[in-house]
Every structure is written in structure tokens, then in C-alpha cells.
Amino acid sequence: MTELKDLEITYDKPNWCPGCGDFGVWVSLKNAIVQLGLNPWEVVLVSGIGCSSKLPYWVKTYGFNGLHGRPMPVAEGIKLANHGLTVIVIGGDGDQYGEGGNHLLHAARRNIDLTVIVHNNQVYGLTTGQFSPTTDIGEKNKANPNPIMEAPVNPIEFALAAGATYVARGFAGDHKQETELITAGIKHKGFAMIDIMQPCVTFNHKNTFSWFYERVYTLEQEGHDIKDKIKAFQRAEEWPLRRPLSEGEKEKVATGIFYQEDRPTWEDVTPQLGSTPLVKHTIDNRDITLLLEELM
Amino acid sequence: MTDIQWLIGGEAGYGIMTTGVMMSKVFTRLGLSVFDYVEYPSLIRGGHNAYYVRASDEEIYSQRRGVDILVALNRETIDKHKSELSQNAAVIFDPTLVKVDPQELFSTILQVSVPLLELANQVGADRLMINTVSVGSSLALLYSDFSVLEKIMQDVFNKKGEEVVLLNINTSKAGFDFVQKNFQNKFFVHIEKQKQKNLLIGGAEAVALGAIRAGVGFAAMYPMTPINGIMTTLVAQASKYNFVIKEPEDEIAGINMAIGASYAGVRSLAATSGGGFSLMVESLGLAAQTEVPLVLVEGMRPGPATGMPTWTEQGDLRFVLHAAQGDFPRIIIAPGDLLECFTYTLHAFNLAEKYQLPVIILVDKYNMEGHSSIAIEEFKIQDSRFKIERGKILSDEEAGVQTDYKRYVFVEDGISPRSLPGQKGGIALSGSDEHDERGLYDEEAENRKKMVDKRFKKLEMCLPEIPGPQMYGLEDAPLTIVSFGSTKLPILEAMKWLAKENIFINFVQVAYLNPLIPDQFNSAIKNAKKTLVIENNHQGQFQGLLREHTGFVSDDHLRKYDGRPFYPEEIVEKVKAMLSS
């Protein structure tokens, strides 16, 4: 039985800003690992660069902290090499929707059995507050005195269109739901993306915890059918907006599972990955005599 | 002595490539020594393709100038190549497809007019198979027994079913019979069949075979000339040898997938050309920083940018040496001939794992896409000598008991034992940030210095297994050629020609370019009288590298950067000029 204390590291502790939503994701992820009864040594957390990507440093599982935007292909390589492992990608909105967008697109269509947790704070925190791909239209701040007029990425629609088989949005202010979404995402056999709205308390003065508390609702309470992709798109279309807010209008931010389906994974359709992971195959003394003789 | 060069030219899309390899196979089966070289533009249809196959009853290493049999599938081939024809050459063409003015070729040239299309149609083949008719026709000029080609057709098309085999046999036989009937003994060369001891292999195939033998478990490659042949070969063998090859969305994904798979414990390969390598650069540093073993093939072609995608150059030497930010160790190996493409790939996989660093195999279009006949025994010897060495990996027993494992623990040789995800006692963080022994980010000055030293210590530790430069020819020679990579092929050919004129030069081949060990190089050239550095780039990247590491100043150099490989004729001319001055 894995307990929370098995996931604690003793020689370091998180250095996120006090009140940062990353703490919530950190706790929820550990809870999910415990609830699922996963052995810590059979879990690999793969991250890129950004505040959230430091998370693997502070969970006692295997961790690989790679380059900005590139954790996805590293995770794919790990999963193909040893598909018995639980591989979880941790990234931010810059990592996944900016620099690494192409990898997200392709991992989703392949339906590789990974769980991607995106800490979406709609801002580049580590580099002091520049716009991110998910910054709300019309936003301005100290780093950007002119309002941004680019429409933001809609991560849910992007993942749905790319072919992800589990697509959810969480909110760092709701730990219970966050843990449930992560647990279900890890359990899901296939590509699971969980976009977590995680307010940056230092650099995002608009999309704060209270901003979200006033706008979130759960899909579950609305009776949303998670098998209905069209409905999922309709819900996803509600927010973020690609136009400035009209007068008196207030956003509605749906949370929960938007969509889930069963589809063969990349591992399923790779015949070499049967019951034995690649890493367990012996490679000594491969006989190439026949290959040489065929060249005669 | 027999030494002929055969050339087929035509529009892309008419099977020029397959016909070229087929002809190489014919010569190999007849027991001759073979080398082939293909020129083509980056197009699927249209554009001019030219496939040169040279064959001899003495050992040959490269293509040469001059064409003895020209198969012209279109008029353009005659226009482009008639100046290359040797005095008694034969030109095979279909008069209904290619108009040749009887006066335009020298009277000594044998005009082999063959109704290729009509013959194809007679046996139920279409226009796309006139190349197959031409192979039969070519053989009949040189050799009187069709059975060699019949056997090849069976072996090559076996997998496609009996009907395809039969069609290919009938089509080539039609060409063979026609030429045998109408042109028997008209050509100046007749081949004597020798006992076959060689196989025929392409450089890309040789790298792939090396990777398979070395235990590759995962490969990721985004298609790019000239490494596509590595993919093709690997894909066909993946299920037999239980490894996975994937086509990633881009080269960045490719190298990162390979890093991930290697981190998880399987031997991993990425391959690309200069453009793709440009995208991989940051991740090369990631492999070095996280100390994940990685083997990467870089197939050079003329750049910058798109450059000349299907031609050859050695212009990326400095690039692979210095690619990525920061100061970190890497090993760079440049195979010359096609056997080395195999053996150095074997070595690369061991080096990467033993020293936990990136190893780059630097090749080019010339040795990747060319084929050579090489004694099968040579491969078997290298195969039997090879032993997989995986370096320091925690055994499952060790990993089961360790409680305070440190992935980057400081040890004397700099090589910290690797744990693999799944091992209970090996839990650790591998990070791209500068880190302490546990893998946690650490920016203290003392730790930083120790970590950089640790990583470079590994390069020092590998020195005893870095082979020194290879010397060809006699120690005492009036002139020494120094070179690296695929230029070895025309250099050896030129040396053979010079020896026939009693000019005995020697050649120092540097294959291990980083680390480059000054003592090894200096001892290899200590008796050199005149020296000549040959390389396929404008700036003399290799010459500069030698100067930088060893202080070596060469007397002269020969450089080429027109997208074409060196020809032995050019090297002979240069050597003679140097010796007479």
C-alpha cells in the first residue's frame, strides 16, 4: 500500500509563491497516486520548464525534468520503452500550448496512454508575467502595457479536435474535484489531458481564485454526457472567449470531464509491445547472419 | 583486367534507383567488386536521375570518370552524359523513345538499339518496366548466361508473389535475348564469373544492421535524405528483433523520444540530416546534461538551409562538434567505408551507455546512399567480435535494497550508476537544470564546477577505447593524405591507381573526431614528408580541427563543395602535382 508519506521527499520542499495553485495540483496528484495504489517507483513524472514543471522535484517518484515544451516526446519514449510504467506529463500553458503545442497535437492523435496535467495560469510567471497562449483577450499588465488582442488557445477544443480520449478541466480551488479528475485521468487507458486553472497569485491579477469561484460550474451538475463529443465542443466553446466581453456579460467556466472515449492506444497498435515491455527483452546475441546472407 | 562503369539515366519515376541496385547485384553475383553512386534531384517525378555502377575483377573503392555502358531511357541522358563515354562504350536506347543521330556519337561507340518498349509490351509489361528490359540487355553485352539475373529476380521479388517474379524474369529475359541475338560479342568487355564472396550493402543499411546487432530497442526518425535508408531497413526488421521504430512529428520529438526511451533503459537511436539536427540541437545538450546515453546519426548534405538535399558534402563537422549551448562532452565518429558504417555503429552504442553521453555518427549522402560489395566474412568477423557492454546500470537486486540512491553521485571515474524507472530503490530525479548528486537543481559554484568536471571526466575515461587514426599504405611514403569520413573511398581508389604507376603514397584516416587525441595523430603522421588534407567542404573544417588540437600544419589541401564526391582522378592529379613541385 502506498501512503502519502511514501511520496514525500525529505531533502527539499516546494519553492512556489505562497498561495500558488501549484500547491493544490501537487497535493491532488499525490492523493491520486495513493488512491490508485500505484508504486512510487513505477510512476514517472515528466516535465518541461516553468514554475509548474518543478513539481517532479518534490514527489518521490521517478522524475525527468527536460526542456521547455518538450516533456511530451520524452514521456512517449519512456512509455514505449516500458509500457508497464505510469507516465504523467506535468507542464504549464507555455510548455504545452506554446512551445510544445505540436507535441500535444500528435500525442493526442496517437492516443498514447499518458496523463497530461497542464497547470494553466494564463501567464508566464517564471519570466515575470509575459502573456501566455491562454491569456484572456484584452488583458494588459506591467509587462504588457498594451492590451493583447490575440484570441487565446482553447485547450479543451484543441485536445478534442486532436483526438484526445479523456479531456477535462479542473480548478485549483477545488481539490476534491481536482483529485478525482487526475485519478480518473491516470486510470483512463489512453491519452488524458487535464487542463487545470491554477491562478498565478503574483503575476495574474485578473484570473484570480475569486474570479474563478464566481464563474466555475461543474459539468456533472449540468448532466453533461461525457460520450457526446459535439456537446463537449459546445461546452468548451463557452470559455475562453475569442472576443472582448460585452457589457454586463459574465463568463461561465465549465469544469469536470468534457469527453471520454475508448480507442486503441499507441501501445495497443504497436505489435512489439505485448506482455513484455521493450526494456525487458534481452538484446545480447541478436543473430544477423540471415540479414547478411540476404545481401549476397 | 575488367573495369567497367555502367550508367542508367532517365526521368525520376522510371525505377532508375531499383535498376541501379539490381545491376550492382548482378555484378556482385558474378563475383566482381562493385561500387555504385547515384545522382538525382529532390523530386518524385521528372528531373534527371543518373545511377552509376562500377564493377571490376580487382577490388575497387569508388566510382570513377568515364562510362562504358550507357543506358539512356530518355534523350536528356544522351545529352548530359555523351561526353563521359569511353572510346569503345556501348549506348543502349530504344530508337522509338530516344532519337539518336548516327553521326553524333563517335564511330567507335557501339550503338545498341533495342526496342525496349516493344519488348516490354510483348511480355505484358508496361512502359514503366523498360528499365527491367534494359538490365537484361546490359547483361547480354557482358555475359552469356541469363540464369544469374533470373535468380536475382526470384530473390528480390519473391515476397511479391510468383506473378511478379515471372513478369520480371520475362521482361528482363526479353532484353537479354534481343541483345544476345543481335549484338553478341560486339562489346569489348566480357565478364568471367568469379566465385562470389561479397555481399552488396548500402551505407544506410550498414548503419541499420549495426544498430540492430547492437541491440537497438527504440528508434525515432523523421524522414530526411540521406538517412531514409536507415528507417526503411529498421522498419522491416522491427518485429523480428523486437524493437520499436516510430516516425515522430518532427526532429525535436524524435530526439526527445529517443532520450525518453533510453532513460527508461532501452538502447535508442535518432537519425537525421543537418536541417533536422539543427532542430535537435537543444536536446543534444539535454542528453548530455541528464547523462542519458544517446546514439545519433547525422547524414551530411550541402547546406545551409535546404541547400542541395540529395547531394553530398562534409560541411557539418564543426556543427556537430559545437552544437548546443554550454560546454559538455560528446563523442563524434565518422565512418569512411560501408563496413565502418556497421562497426562504428556497434561501437557507438557501447560508448553511449558506458559513458552515459551522446555519440554522434557523422556520415553523408555519399556513403549513406552508395552501395559497396564487401566480403561477407568481414561482417561476420566484426559481428562475432562484438559484445554488448551496457555500462553501469543498477541490477534489480541492487536497486531493490538501496534507500538513498543518488543518480549523479560523485565517483572517481565520473560515471554514476544509472537506475531505470521501475527499480524500487532507484527513485531519482533527472534534470536539465544544473543539479546536485540527487538531481536537484543546485546553482552553488562549488557544485557546478564539480558537476562539469564529472561530466568531462567521462570523456577522459573513454580515451583508452578510442582507436587512433588508421594508416593505409607504407609507413615510408613521399606524400601522406589526411582525411576523414567518406572521402576515404576515392582516396583508396586513387592510391591503388598511383601504386600501378609506382607511386606509393599513404593515407591517414581520422575516424574518431572527438575526442581527438593529439598523441595518436602526431604519431600517425610523424614520418610524413609532404602532407595533403582532403575534405568535402569550403572552409577546411577538418584541417582547422587538426591544427587546433595537434598544431598540425599541412602542406596543401584539396577541397570540394559542389555537391559531388571526390573522384579518384582529381586526387591522382593533385598528388602528382604536389610530388612534381
# chains A, B, ... in the order shown; residues from 1 in each chain; ligands from 1
$ closest_atom_pairs --of "chain A" --to "chain B" --cutoff "6 Å" --atoms "only C-alpha atoms" --output "CSV"
residue,atom,partner,partner_atom,distance
A:Trp41,CA,B:Gly422,CA,5.1
A:Glu42,CA,B:Gly422,CA,4.6
A:Thr61,CA,B:Ile427,CA,5.9
A:Tyr62,CA,B:Ile427,CA,5.1
A:Gly63,CA,B:Leu429,CA,4.5
A:Phe64,CA,B:Ser430,CA,4.8
A:Asn65,CA,B:Gly431,CA,4.5
A:Gly66,CA,B:Ser432,CA,5.4
A:Pro73,CA,B:Met257,CA,4.7
A:Val74,CA,B:Gly260,CA,4.2
A:Gly77,CA,B:Met257,CA,4.1
A:Ile78,CA,B:Ala261,CA,4.6
A:Ala81,CA,B:Ala261,CA,5.0
A:Gln272,CA,B:Asn242,CA,5.6
A:Val279,CA,B:Val266,CA,5.3
A:Ile283,CA,B:Gly215,CA,4.9
A:Arg286,CA,B:Arg213,CA,5.7
A:Leu295,CA,B:Leu199,CA,5.2
A:Met296,CA,B:Leu199,CA,4.2
$ residues_around --residues "Pro565 of chain B" --least-positions-apart "5" --cutoff "10 Å" --atoms "only C-alpha atoms" --output "MDAnalysis selection string"
chainID B and resid 37 62:63 311:314 365:367 486:487 489:490 535:536 560
$ select_by_dssp --residues "segment 122-222 of chain B" --states "strand (DSSP E)" --output "short mmCIF file (atom, residue, chain, number, x, y, z; two decimals) with N, CA, C and O atoms, in the first residue's frame"
data_model
loop_
_atom_site.label_atom_id
_atom_site.label_comp_id
_atom_site.auth_asym_id
_atom_site.auth_seq_id
_atom_site.Cartn_x
_atom_site.Cartn_y
_atom_site.Cartn_z
N ASN B 198 31.43 -11.67 -51.81
CA ASN B 198 30.96 -10.38 -51.30
C ASN B 198 29.44 -10.31 -51.18
O ASN B 198 28.73 -10.89 -52.00
N LEU B 199 29.00 -9.55 -50.23
CA LEU B 199 27.61 -9.13 -50.21
C LEU B 199 27.56 -7.70 -50.76
O LEU B 199 28.61 -7.07 -50.94
N LEU B 200 26.37 -7.22 -51.05
CA LEU B 200 26.22 -5.85 -51.53
C LEU B 200 25.41 -5.09 -50.50
O LEU B 200 24.30 -5.48 -50.16
N ILE B 201 25.97 -4.00 -50.03
CA ILE B 201 25.29 -3.28 -48.95
C ILE B 201 25.37 -1.78 -49.18
O ILE B 201 26.35 -1.28 -49.73
N GLY B 202 24.32 -1.06 -48.76
CA GLY B 202 24.33 0.39 -48.78
C GLY B 202 24.75 0.90 -47.41
O GLY B 202 24.60 0.19 -46.40
N VAL B 216 19.54 -2.17 -30.57
CA VAL B 216 18.64 -1.01 -30.54
C VAL B 216 17.24 -1.47 -30.11
O VAL B 216 16.74 -2.50 -30.56
N GLY B 217 16.65 -0.72 -29.20
CA GLY B 217 15.31 -1.06 -28.72
C GLY B 217 14.29 -0.06 -29.21
O GLY B 217 13.11 -0.36 -29.36
N PHE B 218 14.78 1.16 -29.46
CA PHE B 218 13.86 2.19 -29.90
C PHE B 218 14.58 3.13 -30.88
O PHE B 218 15.72 3.52 -30.64
N ALA B 219 13.89 3.46 -31.95
CA ALA B 219 14.45 4.43 -32.90
C ALA B 219 13.34 5.37 -33.32
O ALA B 219 12.20 4.95 -33.50
N ALA B 220 13.68 6.64 -33.43
CA ALA B 220 12.71 7.63 -33.90
C ALA B 220 13.38 8.44 -34.99
O ALA B 220 14.44 9.00 -34.81
#
$ closest_residue --among "A:Pro56, A:Arg263, A:Pro244, A:Phe23" --to "Ile148 of chain A" --atoms "only C-alpha atoms"
A:Pro244
$ residues_around --residues "Ser33 of chain B" --least-positions-apart "5" --cutoff "7 Å" --atoms "only C-alpha atoms" --output "VMD selection string"
chain B and resid 28 55 to 60 373
$ write_last_selection --atoms "N, CA and C atoms" --output "compact mmCIF listing (two decimals), in the first residue's frame"
# COMPACT_ATOMS: atom_id res chain seq x y z
N THR B 28 27.73 -8.18 -58.43
CA THR B 28 28.18 -8.82 -57.18
C THR B 28 28.03 -10.33 -57.29
N ALA B 55 32.12 -1.84 -61.75
CA ALA B 55 32.43 -3.22 -61.37
C ALA B 55 33.79 -3.60 -61.92
N SER B 56 34.52 -4.40 -61.15
CA SER B 56 35.86 -4.78 -61.58
C SER B 56 36.22 -6.13 -60.99
N ASP B 57 37.17 -6.81 -61.64
CA ASP B 57 37.62 -8.07 -61.06
C ASP B 57 38.76 -7.84 -60.08
N GLU B 58 39.18 -6.59 -59.90
CA GLU B 58 40.05 -6.30 -58.76
C GLU B 58 39.30 -5.40 -57.79
N GLU B 59 39.77 -5.31 -56.57
CA GLU B 59 38.99 -4.59 -55.57
C GLU B 59 38.91 -3.09 -55.89
N ILE B 60 37.71 -2.56 -55.91
CA ILE B 60 37.52 -1.13 -56.15
C ILE B 60 36.82 -0.49 -54.96
N SER B 373 30.39 -3.62 -52.55
CA SER B 373 30.47 -5.06 -52.29
C SER B 373 31.59 -5.27 -51.29
$ closest_residue --among "B:Ser107, B:Gln356, B:Ser416, B:Ser144" --to "His190 of chain B" --atoms "only C-alpha atoms"
B:Ser144
$ residues_around --residues "Asn522 of chain B" --least-positions-apart "5" --cutoff "10 Å" --atoms "only C-alpha atoms" --output "PyMOL selection string"
chain B and resi 469+517+527-528+546+550-552
$ select_by_dssp --residues "segment 79-314 of chain B" --states "alpha helix (DSSP H)" --output "ChimeraX atom specification"
/B:79-81,116-122,130-142,147-157,162-183,203-213,228-241,251-263,274-290
$ residues_around --residues "segment 160-165 of chain A" --least-positions-apart "6" --cutoff "9 Å" --atoms "only C-alpha atoms" --output "list in words"
Leu104, Leu105, His106, Ala107, Ala108, Arg109, Arg110, Asn111, His188, Lys189, Gly190, Phe191, Ala192, Met193, Lys229, Ala232, Phe233, Phe258, Tyr259, Gln260, Glu261, Asp262 and Arg263 of chain A
$ atom_distance --atom1 "atom CA of Ser28 of chain A" --atom2 "atom CA of Val87 of chain A"
16.1 Å
$ closest_residue --among "A:Lys140, A:His119, A:Lys54, A:Lys227" --to "Phe171 of chain A" --atoms "only C-alpha atoms"
A:His119
$ atom_distance --atom1 "atom CA of Gly275 of chain B" --atom2 "atom CA of Leu67 of chain A"
19.9 Å
$ residues_around --residues "Thr208 of chain A" --least-positions-apart "2" --cutoff "12 Å" --atoms "only C-alpha atoms" --output "list in words"
Gly19, Cys20, Gly21, Asn121, Gln122, Val123, Phe171, Ala172, Gly173, Met197, Gln198, Pro199, Cys200, Val201, Thr202, Phe203, Asn204, His205, Lys206, Ser210, Trp211, Phe212, Tyr213, Glu214 and Arg215 of chain A
$ write_last_selection --atoms "C-alpha atoms" --output "PDB file, in the first residue's frame"
ATOM      1  CA  GLY A  19      -0.846  30.669  -2.184  1.00  0.00           C
ATOM      2  CA  CYS A  20       0.157  29.402  -5.634  1.00  0.00           C
ATOM      3  CA  GLY A  21      -2.289  26.984  -7.250  1.00  0.00           C
ATOM      4  CA  ASN A 121      -2.321  30.120 -15.109  1.00  0.00           C
ATOM      5  CA  GLN A 122      -2.726  32.170 -18.306  1.00  0.00           C
ATOM      6  CA  VAL A 123       0.564  33.938 -17.801  1.00  0.00           C
ATOM      7  CA  PHE A 171      -9.700  24.316 -10.930  1.00  0.00           C
ATOM      8  CA  ALA A 172      -7.013  24.557  -8.280  1.00  0.00           C
ATOM      9  CA  GLY A 173      -9.609  25.930  -5.860  1.00  0.00           C
ATOM     10  CA  MET A 197      -6.998  26.555 -13.986  1.00  0.00           C
ATOM     11  CA  GLN A 198      -4.349  27.458 -11.487  1.00  0.00           C
ATOM     12  CA  PRO A 199      -4.218  31.174 -10.653  1.00  0.00           C
ATOM     13  CA  CYS A 200      -0.789  32.796 -10.552  1.00  0.00           C
ATOM     14  CA  VAL A 201      -1.023  34.838  -7.398  1.00  0.00           C
ATOM     15  CA  THR A 202       1.949  37.006  -8.305  1.00  0.00           C
ATOM     16  CA  PHE A 203       1.504  37.897 -11.967  1.00  0.00           C
ATOM     17  CA  ASN A 204      -2.104  37.280 -12.957  1.00  0.00           C
ATOM     18  CA  HIS A 205      -4.246  39.880 -11.207  1.00  0.00           C
ATOM     19  CA  LYS A 206      -7.298  39.183 -13.296  1.00  0.00           C
ATOM     20  CA  SER A 210     -12.089  34.634  -6.521  1.00  0.00           C
ATOM     21  CA  TRP A 211     -12.525  35.379 -10.242  1.00  0.00           C
ATOM     22  CA  PHE A 212     -12.835  31.651 -10.847  1.00  0.00           C
ATOM     23  CA  TYR A 213     -15.001  30.985  -7.788  1.00  0.00           C
ATOM     24  CA  GLU A 214     -17.551  33.373  -9.268  1.00  0.00           C
ATOM     25  CA  ARG A 215     -17.550  31.688 -12.675  1.00  0.00           C
TER      26      ARG A 215
END
$ residues_around --residues "Ala32 of chain A" --least-positions-apart "6" --cutoff "10 Å" --atoms "only C-alpha atoms" --output "PDB file with N, CA, C and O atoms, in the first residue's frame"
ATOM      1  N   LEU A   4       0.765   8.470   1.642  1.00  0.00           N
ATOM      2  CA  LEU A   4       1.247   9.813   1.283  1.00  0.00           C
ATOM      3  C   LEU A   4       2.694  10.027   1.681  1.00  0.00           C
ATOM      4  O   LEU A   4       3.474  10.627   0.952  1.00  0.00           O
ATOM      5  N   LEU A  38      -0.661   3.143  -6.665  1.00  0.00           N
ATOM      6  CA  LEU A  38       0.491   2.954  -7.552  1.00  0.00           C
ATOM      7  C   LEU A  38       1.780   2.892  -6.744  1.00  0.00           C
ATOM      8  O   LEU A  38       1.942   3.639  -5.776  1.00  0.00           O
ATOM      9  N   GLU A 178     -10.365  18.162  -8.363  1.00  0.00           N
ATOM     10  CA  GLU A 178      -9.041  18.070  -8.986  1.00  0.00           C
ATOM     11  C   GLU A 178      -8.469  16.657  -8.815  1.00  0.00           C
ATOM     12  O   GLU A 178      -7.971  16.056  -9.767  1.00  0.00           O
ATOM     13  N   THR A 179      -8.557  16.149  -7.587  1.00  0.00           N
ATOM     14  CA  THR A 179      -8.055  14.793  -7.314  1.00  0.00           C
ATOM     15  C   THR A 179      -8.842  13.761  -8.120  1.00  0.00           C
ATOM     16  O   THR A 179      -8.263  12.846  -8.708  1.00  0.00           O
ATOM     17  N   GLU A 180     -10.153  13.935  -8.166  1.00  0.00           N
ATOM     18  CA  GLU A 180     -10.979  12.988  -8.927  1.00  0.00           C
ATOM     19  C   GLU A 180     -10.616  12.997 -10.415  1.00  0.00           C
ATOM     20  O   GLU A 180     -10.512  11.952 -11.047  1.00  0.00           O
ATOM     21  N   LEU A 181     -10.414  14.207 -10.943  1.00  0.00           N
ATOM     22  CA  LEU A 181     -10.100  14.317 -12.376  1.00  0.00           C
ATOM     23  C   LEU A 181      -8.742  13.684 -12.689  1.00  0.00           C
ATOM     24  O   LEU A 181      -8.579  13.010 -13.707  1.00  0.00           O
ATOM     25  N   ILE A 182      -7.779  13.920 -11.803  1.00  0.00           N
ATOM     26  CA  ILE A 182      -6.439  13.348 -12.019  1.00  0.00           C
ATOM     27  C   ILE A 182      -6.489  11.824 -11.873  1.00  0.00           C
ATOM     28  O   ILE A 182      -5.932  11.091 -12.698  1.00  0.00           O
ATOM     29  N   THR A 183      -7.190  11.367 -10.858  1.00  0.00           N
ATOM     30  CA  THR A 183      -7.311   9.916 -10.650  1.00  0.00           C
ATOM     31  C   THR A 183      -7.956   9.246 -11.865  1.00  0.00           C
ATOM     32  O   THR A 183      -7.435   8.259 -12.400  1.00  0.00           O
ATOM     33  N   ALA A 184      -9.049   9.822 -12.327  1.00  0.00           N
ATOM     34  CA  ALA A 184      -9.735   9.243 -13.490  1.00  0.00           C
ATOM     35  C   ALA A 184      -8.860   9.333 -14.736  1.00  0.00           C
ATOM     36  O   ALA A 184      -8.869   8.435 -15.588  1.00  0.00           O
ATOM     37  N   GLY A 185      -8.093  10.412 -14.833  1.00  0.00           N
ATOM     38  CA  GLY A 185      -7.206  10.590 -15.987  1.00  0.00           C
ATOM     39  C   GLY A 185      -6.113   9.543 -16.016  1.00  0.00           C
ATOM     40  O   GLY A 185      -5.777   8.989 -17.066  1.00  0.00           O
ATOM     41  N   ILE A 186      -5.530   9.264 -14.857  1.00  0.00           N
ATOM     42  CA  ILE A 186      -4.474   8.246 -14.797  1.00  0.00           C
ATOM     43  C   ILE A 186      -5.068   6.872 -15.091  1.00  0.00           C
ATOM     44  O   ILE A 186      -4.479   6.064 -15.804  1.00  0.00           O
ATOM     45  N   LYS A 187      -6.263   6.644 -14.567  1.00  0.00           N
ATOM     46  CA  LYS A 187      -6.930   5.359 -14.774  1.00  0.00           C
ATOM     47  C   LYS A 187      -7.329   5.142 -16.234  1.00  0.00           C
ATOM     48  O   LYS A 187      -7.356   4.029 -16.724  1.00  0.00           O
TER      49      LYS A 187
END
$ closest_residue --among "B:Gly20, B:Gly15, B:Pro223, B:Gly175" --to "Asp94 of chain B" --atoms "only C-alpha atoms"
B:Gly175
$ closest_residue --among "B:Ser172, B:Thr345, B:Thr77, B:Asn537" --to "Asn121 of chain B" --atoms "only C-alpha atoms"
B:Ser172
$ atom_distance --atom1 "atom CA of Pro133 of chain A" --atom2 "atom CA of Asp225 of chain A"
28.5 Å
